[in-house]
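Enquirer: Sharing run-v1.cif, mmCIF, C-alpha atoms:
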data_entry
loop_
_atom_site.label_atom_id
_atom_site.label_comp_id
_atom_site.auth_asym_id
_atom_site.auth_seq_id
_atom_site.Cartn_x
_atom_site.Cartn_y
_atom_site.Cartn_z
CA MET A 40 -60.16 119.03 -121.73
CA ARG A 41 -61.17 118.27 -118.13
CA GLY A 42 -63.39 120.43 -115.92
CA VAL A 43 -64.60 120.31 -112.32
CA VAL A 44 -68.38 119.99 -112.02
CA PHE A 45 -70.65 120.22 -108.96
CA LEU A 46 -73.27 117.47 -108.84
CA GLY A 47 -74.85 118.85 -105.67
CA GLU A 48 -74.92 117.53 -102.12
CA ARG A 49 -71.15 118.02 -101.85
CA GLN A 50 -70.37 115.72 -104.76
CA VAL A 51 -67.66 116.92 -107.18
CA VAL A 52 -66.51 115.18 -110.36
CA LEU A 53 -63.99 115.78 -113.13
CA GLN A 54 -65.71 115.58 -116.54
CA ASP A 55 -64.47 115.72 -120.13
CA PHE A 56 -65.47 118.67 -122.33
CA PRO A 57 -64.53 119.69 -125.88
CA ASP A 58 -61.52 121.99 -126.12
CA PRO A 59 -62.77 125.55 -126.77
CA ALA A 60 -62.01 127.61 -129.88
CA PRO A 61 -62.20 131.42 -129.76
CA GLY A 62 -64.89 133.44 -131.50
CA ALA A 63 -63.98 136.69 -133.22
CA ASP A 64 -63.77 138.73 -129.99
CA GLU A 65 -62.72 135.95 -127.66
CA VAL A 66 -59.56 134.37 -126.31
CA VAL A 67 -58.77 130.94 -124.95
CA LEU A 68 -56.81 130.81 -121.72
CA GLU A 69 -54.62 127.90 -120.78
CA MET A 70 -55.34 127.81 -117.07
CA ARG A 71 -52.47 128.00 -114.60
CA ALA A 72 -54.34 128.71 -111.35
CA SER A 73 -57.99 128.92 -110.26
CA GLY A 74 -59.08 129.94 -106.78
CA ILE A 75 -61.81 128.51 -104.56
CA CYS A 76 -64.20 131.10 -103.09
CA GLY A 77 -66.80 131.02 -100.34
CA SER A 78 -69.52 131.63 -102.92
CA ASP A 79 -68.58 128.30 -104.54
CA LEU A 80 -69.94 126.54 -101.46
CA ARG A 81 -73.54 127.39 -102.39
CA PRO A 82 -73.64 125.27 -105.58
CA TYR A 83 -71.37 122.73 -103.90
CA ARG A 84 -74.00 122.19 -101.18
CA GLU A 85 -77.13 122.45 -103.33
CA SER A 86 -79.45 119.53 -104.15
CA ARG A 87 -78.53 116.98 -106.80
CA ARG A 88 -78.46 118.14 -110.41
CA ASP A 89 -78.22 116.59 -113.87
CA SER A 90 -74.55 116.08 -114.68
CA GLU A 91 -75.31 116.27 -118.41
CA ARG A 92 -76.23 119.96 -118.04
CA ALA A 93 -73.61 120.81 -115.44
CA LEU A 94 -71.26 123.76 -115.91
CA ILE A 95 -67.58 123.94 -115.10
CA SER A 96 -67.04 125.64 -111.74
CA GLY A 97 -64.52 128.34 -110.83
CA HIS A 98 -64.68 132.13 -111.05
CA GLU A 99 -61.12 133.09 -110.07
CA PRO A 100 -59.17 132.34 -113.27
CA CYS A 101 -55.56 133.13 -114.02
CA GLY A 102 -53.58 131.79 -116.94
CA VAL A 103 -51.85 132.31 -120.27
CA VAL A 104 -53.45 133.35 -123.55
CA SER A 105 -53.28 130.30 -125.82
CA ALA A 106 -55.46 131.45 -128.76
CA VAL A 107 -57.07 134.72 -129.90
CA GLY A 108 -60.04 135.49 -132.13
CA GLU A 109 -59.65 137.28 -135.44
CA HIS A 110 -60.95 140.64 -134.15
CA VAL A 111 -58.95 140.65 -130.92
CA THR A 112 -56.34 143.38 -130.59
CA GLY A 113 -54.03 144.14 -127.68
CA TRP A 114 -53.55 140.52 -126.62
CA ARG A 115 -51.17 137.93 -127.95
CA VAL A 116 -50.50 134.27 -127.35
CA GLY A 117 -48.30 133.69 -124.31
CA GLU A 118 -49.36 136.73 -122.26
CA ARG A 119 -50.04 136.15 -118.54
CA VAL A 120 -53.51 137.38 -117.56
CA ILE A 121 -56.18 137.57 -114.87
CA MET A 122 -59.81 137.33 -115.95
CA HIS A 123 -62.74 139.42 -114.70
CA HIS A 124 -65.39 136.73 -114.39
CA TYR A 125 -68.46 138.35 -115.97
CA ALA A 126 -69.92 138.26 -119.52
CA VAL A 127 -71.97 141.37 -120.29
CA CYS A 128 -73.38 143.68 -122.95
CA GLY A 129 -70.29 145.90 -122.96
CA GLN A 130 -72.30 148.98 -123.97
CA CYS A 131 -74.25 150.25 -120.95
CA LYS A 132 -72.77 152.88 -118.64
CA TYR A 133 -71.70 150.39 -115.97
CA CYS A 134 -69.98 148.13 -118.49
CA ARG A 135 -68.15 151.12 -119.92
CA VAL A 136 -66.68 152.01 -116.52
CA GLY A 137 -65.64 148.39 -115.96
CA TYR A 138 -68.36 147.35 -113.49
CA ALA A 139 -69.62 144.44 -115.57
CA GLN A 140 -71.48 142.88 -112.62
CA LEU A 141 -73.82 145.91 -112.68
CA CYS A 142 -74.65 145.53 -116.39
CA LEU A 143 -78.10 146.99 -117.10
CA VAL A 144 -78.84 144.24 -119.63
CA GLY A 145 -77.75 141.43 -117.30
CA HIS A 146 -74.60 139.40 -116.88
CA LYS A 147 -73.35 135.84 -116.87
CA THR A 148 -70.95 134.81 -114.15
CA TYR A 149 -68.24 132.36 -115.11
CA GLY A 150 -68.37 129.28 -112.93
CA PHE A 151 -72.08 129.71 -112.17
CA ASN A 152 -74.04 130.14 -115.42
CA ALA A 153 -71.13 129.95 -117.87
CA HIS A 154 -68.20 127.54 -117.94
CA GLY A 155 -65.58 128.64 -115.41
CA GLY A 156 -61.91 128.31 -114.72
CA ASN A 157 -61.62 124.96 -112.94
CA ALA A 158 -60.59 123.38 -116.22
CA ASP A 159 -57.59 122.98 -118.49
CA PHE A 160 -58.84 125.81 -120.75
CA LEU A 161 -61.27 128.72 -120.47
CA LEU A 162 -63.06 130.60 -123.27
CA ALA A 163 -63.44 134.29 -122.41
CA PRO A 164 -64.22 137.66 -124.00
CA ALA A 165 -60.99 139.55 -124.60
CA SER A 166 -62.51 142.53 -122.79
CA THR A 167 -62.43 140.62 -119.48
CA LEU A 168 -58.64 140.37 -119.28
CA VAL A 169 -56.05 142.38 -117.39
CA LYS A 170 -52.32 141.73 -117.34
CA LEU A 171 -50.83 139.71 -114.53
CA PRO A 172 -47.76 141.63 -113.30
CA PRO A 173 -44.55 139.68 -113.91
CA GLU A 174 -43.72 139.87 -110.20
CA MET A 175 -46.87 137.91 -109.27
CA SER A 176 -47.41 134.16 -109.37
CA PHE A 177 -50.43 132.65 -111.08
CA GLU A 178 -51.73 131.58 -107.66
CA GLN A 179 -51.59 135.19 -106.47
CA GLY A 180 -53.35 136.29 -109.65
CA ALA A 181 -56.15 133.82 -108.95
CA ALA A 182 -56.55 135.32 -105.46
CA VAL A 183 -56.79 138.83 -106.93
CA ALA A 184 -59.39 137.58 -109.45
CA CYS A 185 -62.03 137.59 -106.72
CA GLY A 186 -61.27 137.27 -102.99
CA THR A 187 -58.30 139.61 -102.61
CA GLY A 188 -59.65 142.03 -105.21
CA THR A 189 -62.96 142.14 -103.34
CA ALA A 190 -61.15 142.92 -100.09
CA TYR A 191 -59.09 145.64 -101.76
CA MET A 192 -62.12 147.42 -103.20
CA ALA A 193 -63.98 147.25 -99.87
CA LEU A 194 -61.03 148.91 -98.12
CA LYS A 195 -60.93 151.53 -100.84
CA ARG A 196 -64.63 152.23 -100.30
CA LEU A 197 -63.87 152.64 -96.58
CA ASP A 198 -60.97 154.98 -97.42
CA VAL A 199 -58.72 153.12 -94.98
CA SER A 200 -55.51 154.85 -93.92
CA GLY A 201 -52.90 154.88 -91.19
CA ARG A 202 -55.22 156.98 -89.02
CA ASP A 203 -57.69 154.13 -88.66
CA THR A 204 -58.37 151.26 -86.34
CA LEU A 205 -60.05 148.73 -88.64
CA ALA A 206 -62.06 145.77 -87.30
CA ILE A 207 -62.54 142.91 -89.76
CA PHE A 208 -65.18 140.28 -89.02
CA GLY A 209 -64.30 136.94 -90.61
CA GLN A 210 -60.82 135.74 -91.54
CA GLY A 211 -61.61 133.51 -94.48
CA PRO A 212 -59.85 134.33 -97.76
CA VAL A 213 -61.60 137.71 -98.20
CA GLY A 214 -61.26 138.81 -94.58
CA LEU A 215 -57.68 137.56 -94.36
CA SER A 216 -56.82 139.47 -97.53
CA ALA A 217 -58.44 142.56 -96.00
CA THR A 218 -56.31 142.11 -92.89
CA MET A 219 -53.13 141.92 -94.96
CA LEU A 220 -54.07 144.81 -97.26
CA GLY A 221 -55.41 146.97 -94.42
CA ALA A 222 -52.14 146.56 -92.53
CA ALA A 223 -50.24 147.48 -95.72
CA MET A 224 -52.37 150.64 -95.95
CA GLY A 225 -51.22 151.54 -92.45
CA ALA A 226 -54.31 150.70 -90.42
CA ARG A 227 -54.28 149.09 -87.00
CA VAL A 228 -56.23 145.91 -87.77
CA ILE A 229 -58.38 144.00 -85.29
CA ALA A 230 -59.23 140.56 -86.72
CA VAL A 231 -62.34 138.72 -85.51
CA ASP A 232 -63.14 135.06 -86.15
CA LEU A 233 -64.29 131.82 -84.52
CA SER A 234 -61.40 129.70 -85.80
CA PRO A 235 -58.10 129.65 -83.87
CA GLU A 236 -56.34 128.56 -87.07
CA ARG A 237 -57.63 131.54 -89.01
CA LEU A 238 -56.87 133.94 -86.17
CA ALA A 239 -53.30 132.64 -86.15
CA LEU A 240 -53.13 133.32 -89.89
CA ALA A 241 -54.45 136.84 -89.29
CA ARG A 242 -51.73 137.54 -86.73
CA ARG A 243 -49.10 136.43 -89.22
CA GLN A 244 -50.61 138.64 -91.93
CA GLY A 245 -50.50 141.86 -89.94
CA ALA A 246 -53.37 141.92 -87.45
CA ALA A 247 -52.37 144.04 -84.45
CA GLU A 248 -55.07 142.38 -82.32
CA THR A 249 -57.22 139.25 -82.67
CA ILE A 250 -60.55 138.39 -81.08
CA ASP A 251 -61.93 134.87 -80.75
CA ALA A 252 -65.66 135.52 -81.09
CA SER A 253 -66.47 132.01 -79.87
CA GLY A 254 -65.33 132.94 -76.38
CA GLN A 255 -65.49 136.75 -76.25
CA ASP A 256 -68.01 139.52 -76.80
CA SER A 257 -66.41 141.02 -79.90
CA VAL A 258 -68.16 144.38 -79.53
CA LYS A 259 -66.93 144.80 -75.95
CA ALA A 260 -63.45 143.58 -76.87
CA ILE A 261 -63.21 146.15 -79.69
CA ALA A 262 -64.46 148.87 -77.32
CA ASP A 263 -61.81 147.88 -74.78
CA LEU A 264 -59.12 148.11 -77.47
CA THR A 265 -60.27 151.58 -78.56
CA ARG A 266 -60.72 153.39 -75.22
CA GLY A 267 -64.46 152.76 -75.36
CA GLU A 268 -64.98 154.57 -78.66
CA GLY A 269 -65.18 151.73 -81.16
CA ALA A 270 -63.32 151.20 -84.43
CA ASP A 271 -62.98 153.94 -87.03
CA ALA A 272 -63.97 151.45 -89.72
CA THR A 273 -65.39 147.93 -89.70
CA LEU A 274 -65.79 145.33 -92.42
CA ASP A 275 -67.96 142.23 -92.42
CA ALA A 276 -66.69 139.42 -94.65
CA THR A 277 -68.93 136.70 -93.21
CA GLY A 278 -72.50 137.38 -94.31
CA ASN A 279 -73.51 136.15 -90.85
CA PRO A 280 -76.40 138.23 -89.40
CA GLU A 281 -74.89 138.49 -85.92
CA ALA A 282 -71.49 139.48 -87.26
CA ARG A 283 -73.09 142.17 -89.42
CA VAL A 284 -74.87 143.66 -86.42
CA ASN A 285 -71.65 143.51 -84.43
CA ALA A 286 -69.80 145.31 -87.23
CA VAL A 287 -72.31 148.15 -86.88
CA ARG A 288 -72.32 148.10 -83.09
CA SER A 289 -68.51 148.15 -82.85
CA ALA A 290 -68.07 151.17 -85.14
CA ARG A 291 -67.50 154.47 -83.37
CA VAL A 292 -69.64 157.59 -83.74
CA PHE A 293 -69.12 158.95 -87.28
CA GLY A 294 -67.55 155.57 -88.15
CA ARG A 295 -67.70 153.68 -91.45
CA VAL A 296 -68.99 150.16 -92.05
CA CYS A 297 -68.70 147.98 -95.15
CA PHE A 298 -70.61 144.79 -95.91
CA VAL A 299 -68.92 142.29 -98.24
CA GLY A 300 -70.14 138.87 -97.09
CA GLU A 301 -73.10 137.68 -99.16
CA GLY A 302 -76.43 136.07 -98.19
CA ASN A 303 -78.81 136.03 -95.23
CA THR A 304 -81.09 138.70 -93.79
CA THR A 305 -80.08 141.01 -90.96
CA THR A 306 -82.15 143.22 -88.63
CA PHE A 307 -80.76 146.43 -87.15
CA ASP A 308 -82.12 148.71 -84.44
CA VAL A 309 -81.73 151.62 -86.83
CA SER A 310 -82.05 154.66 -84.58
CA PRO A 311 -79.51 153.82 -81.82
CA GLN A 312 -77.22 151.65 -83.92
CA ILE A 313 -77.02 153.71 -87.12
CA ILE A 314 -78.79 157.08 -87.16
CA HIS A 315 -77.75 158.32 -83.73
CA LYS A 316 -74.16 157.22 -84.38
CA GLN A 317 -74.06 159.08 -87.72
CA LEU A 318 -72.64 155.98 -89.42
CA THR A 319 -71.74 155.69 -93.09
CA ILE A 320 -72.54 152.19 -94.40
CA TYR A 321 -71.23 150.80 -97.67
CA GLY A 322 -71.98 147.73 -99.69
CA SER A 323 -69.13 146.51 -101.86
CA TRP A 324 -69.61 143.88 -104.58
CA THR A 325 -66.37 142.60 -106.09
CA PHE A 326 -64.65 145.28 -108.24
CA SER A 327 -64.23 146.76 -111.69
CA THR A 328 -61.66 145.61 -114.23
CA VAL A 329 -59.66 148.72 -113.36
CA GLY A 330 -59.94 147.89 -109.65
CA MET A 331 -58.67 144.35 -110.24
CA GLU A 332 -55.63 145.69 -112.08
CA GLU A 333 -55.07 148.33 -109.38
CA CYS A 334 -55.18 145.66 -106.65
CA ALA A 335 -52.52 143.61 -108.44
CA ARG A 336 -50.30 146.67 -108.78
CA PHE A 337 -50.79 147.57 -105.10
CA VAL A 338 -49.69 144.07 -104.06
CA VAL A 339 -46.55 144.39 -106.17
CA ASP A 340 -45.67 148.01 -105.37
CA ARG A 341 -46.19 147.62 -101.60
CA ARG A 342 -44.52 144.20 -101.55
CA VAL A 343 -47.60 142.67 -99.92
CA PRO A 344 -46.79 138.97 -99.25
CA LEU A 345 -50.01 137.75 -100.84
CA GLY A 346 -48.59 134.28 -101.34
CA ASP A 347 -48.77 133.78 -97.56
CA VAL A 348 -52.59 133.92 -97.73
CA ILE A 349 -52.56 130.83 -99.99
CA THR A 350 -52.33 127.93 -97.56
CA HIS A 351 -53.43 125.00 -99.76
CA THR A 352 -52.99 124.09 -103.42
CA PHE A 353 -54.63 121.20 -105.27
CA ARG A 354 -54.70 119.49 -108.65
CA LEU A 355 -58.00 119.20 -110.54
CA SER A 356 -57.99 115.48 -109.83
CA ASP A 357 -58.16 116.29 -106.11
CA ALA A 358 -61.24 118.52 -106.42
CA GLN A 359 -63.37 116.52 -103.98
CA GLU A 360 -60.68 116.84 -101.31
CA ALA A 361 -60.15 120.51 -102.15
CA PHE A 362 -63.74 121.54 -101.50
CA ARG A 363 -64.04 119.34 -98.42
CA THR A 364 -60.90 120.97 -97.00
CA PHE A 365 -62.06 124.50 -97.82
CA GLU A 366 -65.55 123.96 -96.39
CA ALA A 367 -64.05 123.02 -93.01
CA GLY A 368 -63.32 126.73 -92.49
CA GLN A 369 -59.80 126.51 -91.12
CA THR A 370 -57.73 127.38 -94.20
CA GLY A 371 -56.56 130.50 -95.92
CA LYS A 372 -56.92 130.66 -99.69
CA CYS A 373 -57.22 127.35 -101.54
CA VAL A 374 -56.17 127.28 -105.20
CA PHE A 375 -56.14 124.74 -108.02
CA VAL A 376 -52.80 124.75 -109.85
CA PHE A 377 -52.12 123.39 -113.32
#
Take the structure in the file and give it back as structure tokens.
Expert:
Amino acid sequence: MRGVVFLGERQVVLQDFPDPAPGADEVVLEMRASGICGSDLRPYRESRRDSERALISGHEPCGVVSAVGEHVTGWRVGERVIMHHYAVCGQCKYCRVGYAQLCLVGHKTYGFNAHGGNADFLLAPASTLVKLPPEMSFEQGAAVACGTGTAYMALKRLDVSGRDTLAIFGQGPVGLSATMLGAAMGARVIAVDLSPERLALARRQGAAETIDASGQDSVKAIADLTRGEGADATLDATGNPEARVNAVRSARVFGRVCFVGEGNTTTFDVSPQIIHKQLTIYGSWTFSTVGMEECARFVVDRRVPLGDVITHTFRLSDAQEAFRTFEAGQTGKCVFVF
């Protein structure tokens, strides 16, 4: 089989690997779609590495079961599935509630320290699978497998409803999904970004207001849109220190803030910005297996047009172009299709 490998310094190659065979509790997926995520850009940009020890990239897998191990029950060849991209102990309390990324023993993340989904086939524990609803495309399933699922769980942590004005900082795939889902939950969404292309996408996906942070003070603009009070809830999907501070500053008194974007270090003036405003601040790290399944069902039941978030599709052979296009920061979701 073929798999996409990062060599570092923005070099991507397609390498040959042996076709996988399932162990007793494993399945093999024939890949149909695999999403590109902002967290993929870290290994993509890193220094050069030995291609002989390289791992297959991709942690947003969606496909069809093509083989099952002898102890696997509940799954059969031909079923359409989404994969939760962590390998864990399966026994600790966090694994048992589906939050594999919080495993007390430690976890492997597919696409980072285990072979991922940017390949013809993927070997996975049967416990990582959830069913892809028949109404959803494989590309939509790949989006739910990380970016859209992450956005959904963050909004759930914020308890977003139709009562809320929700400001979302960053309109990449996660933020754009949050805009679409937040609007479907009834919120008045204010989308903030630096890219005119992404702000245009946000307007099409349900944003009531958009703010170009390259030319406006986003905190003041949000205050002006909320009679000086600030947003009921804010979400940062950038990981940018300034955007994080602005997410806190633009939340109203007794407001809620959620941080999703990874990386960097941020400094807050805690007393005036947080304590005296009585803020509730959440961190949200991907989702549980149950949350991933719930997100897929929400998309179907609420007729959320998730396919509109997917602006670019690529073949594995076009991997170099795919990552170069995604890194430019002007797209919605980018997905490999098989």
Enquirer: With only C-alpha atoms as the atoms that count, which of A:Val296, A:Ile314, A:Val309, A:Ala223 lies nearest to Arg342 of chain A?
Expert: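 The shortest atom-to-atom distance to Arg342 of chain A comes from A:Ala223.
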Enquirer: So how far away is atom CA of Tyr191 of chain A from atom CA of Val120 of chain A, in Å?
Expert: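 One can read the atom CA of Val120 of chain A to atom CA of Tyr191 of chain A distance as 18.7 Å.
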Enquirer: Kindly give the distance, in Å, that separates atom CA of Ala262 of chain A and atom CA of Gly188 of chain A, rounded to a single decimal.
Expert: 29.1 Å
Enquirer: Would you please work out which residue, of A:Ser323, A:Ser176, A:Ser78, A:Ser73, is nearest to Glu366 of chain A when using only C-alpha atoms?
Expert: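 Of the candidates, the smallest distance to Glu366 of chain A is held by A:Ser78.
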Enquirer: What lies within 10 Å of Val43 of chain A using all atoms listed in the file, ignoring chain neighbours under 6 positions off, as a ChimeraX atom specification?
Expert: /A:51-55,93-97,150,154-159,355-359
Enquirer: Once the PyMOL selection byres ((chain A and resi 123-129) around 10) is applied to the coordinates I shared, what remains selected? I want it as number ranges by chain.
Expert: A: 97-101, 120-122, 130-153, 155-156, 163-164, 166-169, 183-185, 325-329, 331-332
Enquirer: Compute the distance from (-67.5, 138.7, -130.8) to each atom, counting only C-alpha atoms, keep the residues with any atom at most 9 Å away, and return them as a PyMOL selection string; use the coordinates of the file.
Expert: chain A and resi 62-65+108+110-111+164
Enquirer: From the list A:Val107, A:Leu46, A:Met40, A:Val228, which residue is nearest Leu205 of chain A when using all atoms listed in the file?
Expert: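 With all atoms listed in the file as the atom set, the closest residue is A:Val228.
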Enquirer: Return the single residue from A:Pro59, A:Ser105, A:Gly47, A:Leu220 that is closest to Val199 of chain A, with distances computed using all atoms listed in the file.
Expert: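 Distance minimum relative to Val199 of chain A lands on A:Leu220.
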Enquirer: What does the distance between atom CA of Ser310 of chain A and atom CA of Asp271 of chain A come to in Å, to one decimal place?
Expert: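 Straight-line distance from atom CA of Ser310 of chain A to atom CA of Asp271 of chain A works out to 19.2 Å.
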Enquirer: A:Glu109, A:Glu301, A:Asp275, A:Glu48: which is nearest Ala193 of chain A, counting all atoms listed in the file?
Expert: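 Of A:Glu109, A:Glu301, A:Asp275, A:Glu48, the one nearest Ala193 of chain A, counting all atoms listed in the file, is A:Asp275.
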Enquirer: Could you list the residues chosen by the PyMOL selection byres ((chain A and resi 364) around 12) in this structure as a VMD selection string?
Expert: chain A and resid 49 75 80 350 to 353 357 to 363 365 to 374
Enquirer: Residue by residue, what does the PyMOL selection byres ((chain A and resi 102) around 6) grab here? Present the result as a ChimeraX atom specification.
Expert: /A:68-71,101,103,119-120
Enquirer: Please, could you write that set of residues out with C-alpha atoms as an mmCIF file, in the frame of the given file?
Expert:
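Done, and the output landed in result.cif:
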data_model
loop_
_atom_site.group_PDB
_atom_site.id
_atom_site.type_symbol
_atom_site.label_atom_id
_atom_site.label_comp_id
_atom_site.auth_asym_id
_atom_site.auth_seq_id
_atom_site.Cartn_x
_atom_site.Cartn_y
_atom_site.Cartn_z
ATOM 1 C CA LEU A 68 -56.810 130.810 -121.720
ATOM 2 C CA GLU A 69 -54.620 127.900 -120.780
ATOM 3 C CA MET A 70 -55.340 127.810 -117.070
ATOM 4 C CA ARG A 71 -52.470 128.000 -114.600
ATOM 5 C CA CYS A 101 -55.560 133.130 -114.020
ATOM 6 C CA VAL A 103 -51.850 132.310 -120.270
ATOM 7 C CA ARG A 119 -50.040 136.150 -118.540
ATOM 8 C CA VAL A 120 -53.510 137.380 -117.560
#
Enquirer: Can you work out which one of A:Ala272, A:Ala260, A:Val104, A:Ala165 has the shortest atom-to-atom distance to Leu197 of chain A, counting only C-alpha atoms?
Expert: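 Closest candidate: A:Ala272.
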Enquirer: Find the residues near Arg336 of chain A: any atom within 10 Å, counting all atoms listed in the file, skip ones fewer than 6 places away on the same chain, and give them as a ChimeraX atom specification.
Expert: /A:171-172,174-175,330,342
Enquirer: Kindly export the residues of the current selection with C-alpha atoms, as an mmCIF file, in the coordinates of the input.
Expert:
data_model
loop_
_atom_site.group_PDB
_atom_site.id
_atom_site.type_symbol
_atom_site.label_atom_id
_atom_site.label_comp_id
_atom_site.auth_asym_id
_atom_site.auth_seq_id
_atom_site.Cartn_x
_atom_site.Cartn_y
_atom_site.Cartn_z
ATOM 1 C CA LEU A 171 -50.830 139.710 -114.530
ATOM 2 C CA PRO A 172 -47.760 141.630 -113.300
ATOM 3 C CA GLU A 174 -43.720 139.870 -110.200
ATOM 4 C CA MET A 175 -46.870 137.910 -109.270
ATOM 5 C CA GLY A 330 -59.940 147.890 -109.650
ATOM 6 C CA ARG A 342 -44.520 144.200 -101.550
#
Enquirer: Listing only residues of segment 166-262 of chain A within 9 Å of segment 285-289 of chain A, what is the closest atom pair and its distance in Å (to one decimal) for each, using all atoms listed in the file, sorted by chain and residue number ascending, as JSON lines?
Expert:
{"residue": "A:Ala206", "atom": "CA", "partner": "A:Ala286", "partner_atom": "CA", "distance": 7.8}
{"residue": "A:Ile207", "atom": "CA", "partner": "A:Ala286", "partner_atom": "CA", "distance": 8.1}
{"residue": "A:Phe208", "atom": "CA", "partner": "A:Ala286", "partner_atom": "CA", "distance": 7.1}
{"residue": "A:Ser257", "atom": "CA", "partner": "A:Asn285", "partner_atom": "CA", "distance": 7.4}
{"residue": "A:Val258", "atom": "CA", "partner": "A:Ser289", "partner_atom": "CA", "distance": 5.0}
{"residue": "A:Lys259", "atom": "CA", "partner": "A:Ser289", "partner_atom": "CA", "distance": 7.8}
{"residue": "A:Ile261", "atom": "CA", "partner": "A:Ser289", "partner_atom": "CA", "distance": 6.5}
{"residue": "A:Ala262", "atom": "CA", "partner": "A:Ser289", "partner_atom": "CA", "distance": 6.9}
Enquirer: Could you work out an axis-aligned bounding box for all listed atoms of segment 326-332 of chain A, with 6 Å added on each of the six sides, and give its centre and edge lengths in Å to one decimal, as JSON?
Expert:
{"center_x": -60.1, "center_y": 146.5, "center_z": -111.2, "size_x": 21.0, "size_y": 16.4, "size_z": 18.0}
Enquirer: Neighbours of segment 212-216 of chain A within 8 Å (only C-alpha atoms; same-chain residues fewer than 6 positions away dropped), as number ranges by chain?
Expert: A: 76, 186-187, 189-191, 240-241, 244, 275-276, 345, 348, 371-372
Enquirer: Go ahead and save the picked residues with C-alpha atoms, as a tab-separated table (two decimals), in the frame of the given file.
Expert:
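Wrote result21.tsv, looks like this:
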chain	number	residue	atom	x	y	z
A	76	CYS	CA	-64.20	131.10	-103.09
A	186	GLY	CA	-61.27	137.27	-102.99
A	187	THR	CA	-58.30	139.61	-102.61
A	189	THR	CA	-62.96	142.14	-103.34
A	190	ALA	CA	-61.15	142.92	-100.09
A	191	TYR	CA	-59.09	145.64	-101.76
A	240	LEU	CA	-53.13	133.32	-89.89
A	241	ALA	CA	-54.45	136.84	-89.29
A	244	GLN	CA	-50.61	138.64	-91.93
A	275	ASP	CA	-67.96	142.23	-92.42
A	276	ALA	CA	-66.69	139.42	-94.65
A	345	LEU	CA	-50.01	137.75	-100.84
A	348	VAL	CA	-52.59	133.92	-97.73
A	371	GLY	CA	-56.56	130.50	-95.92
A	372	LYS	CA	-56.92	130.66	-99.69
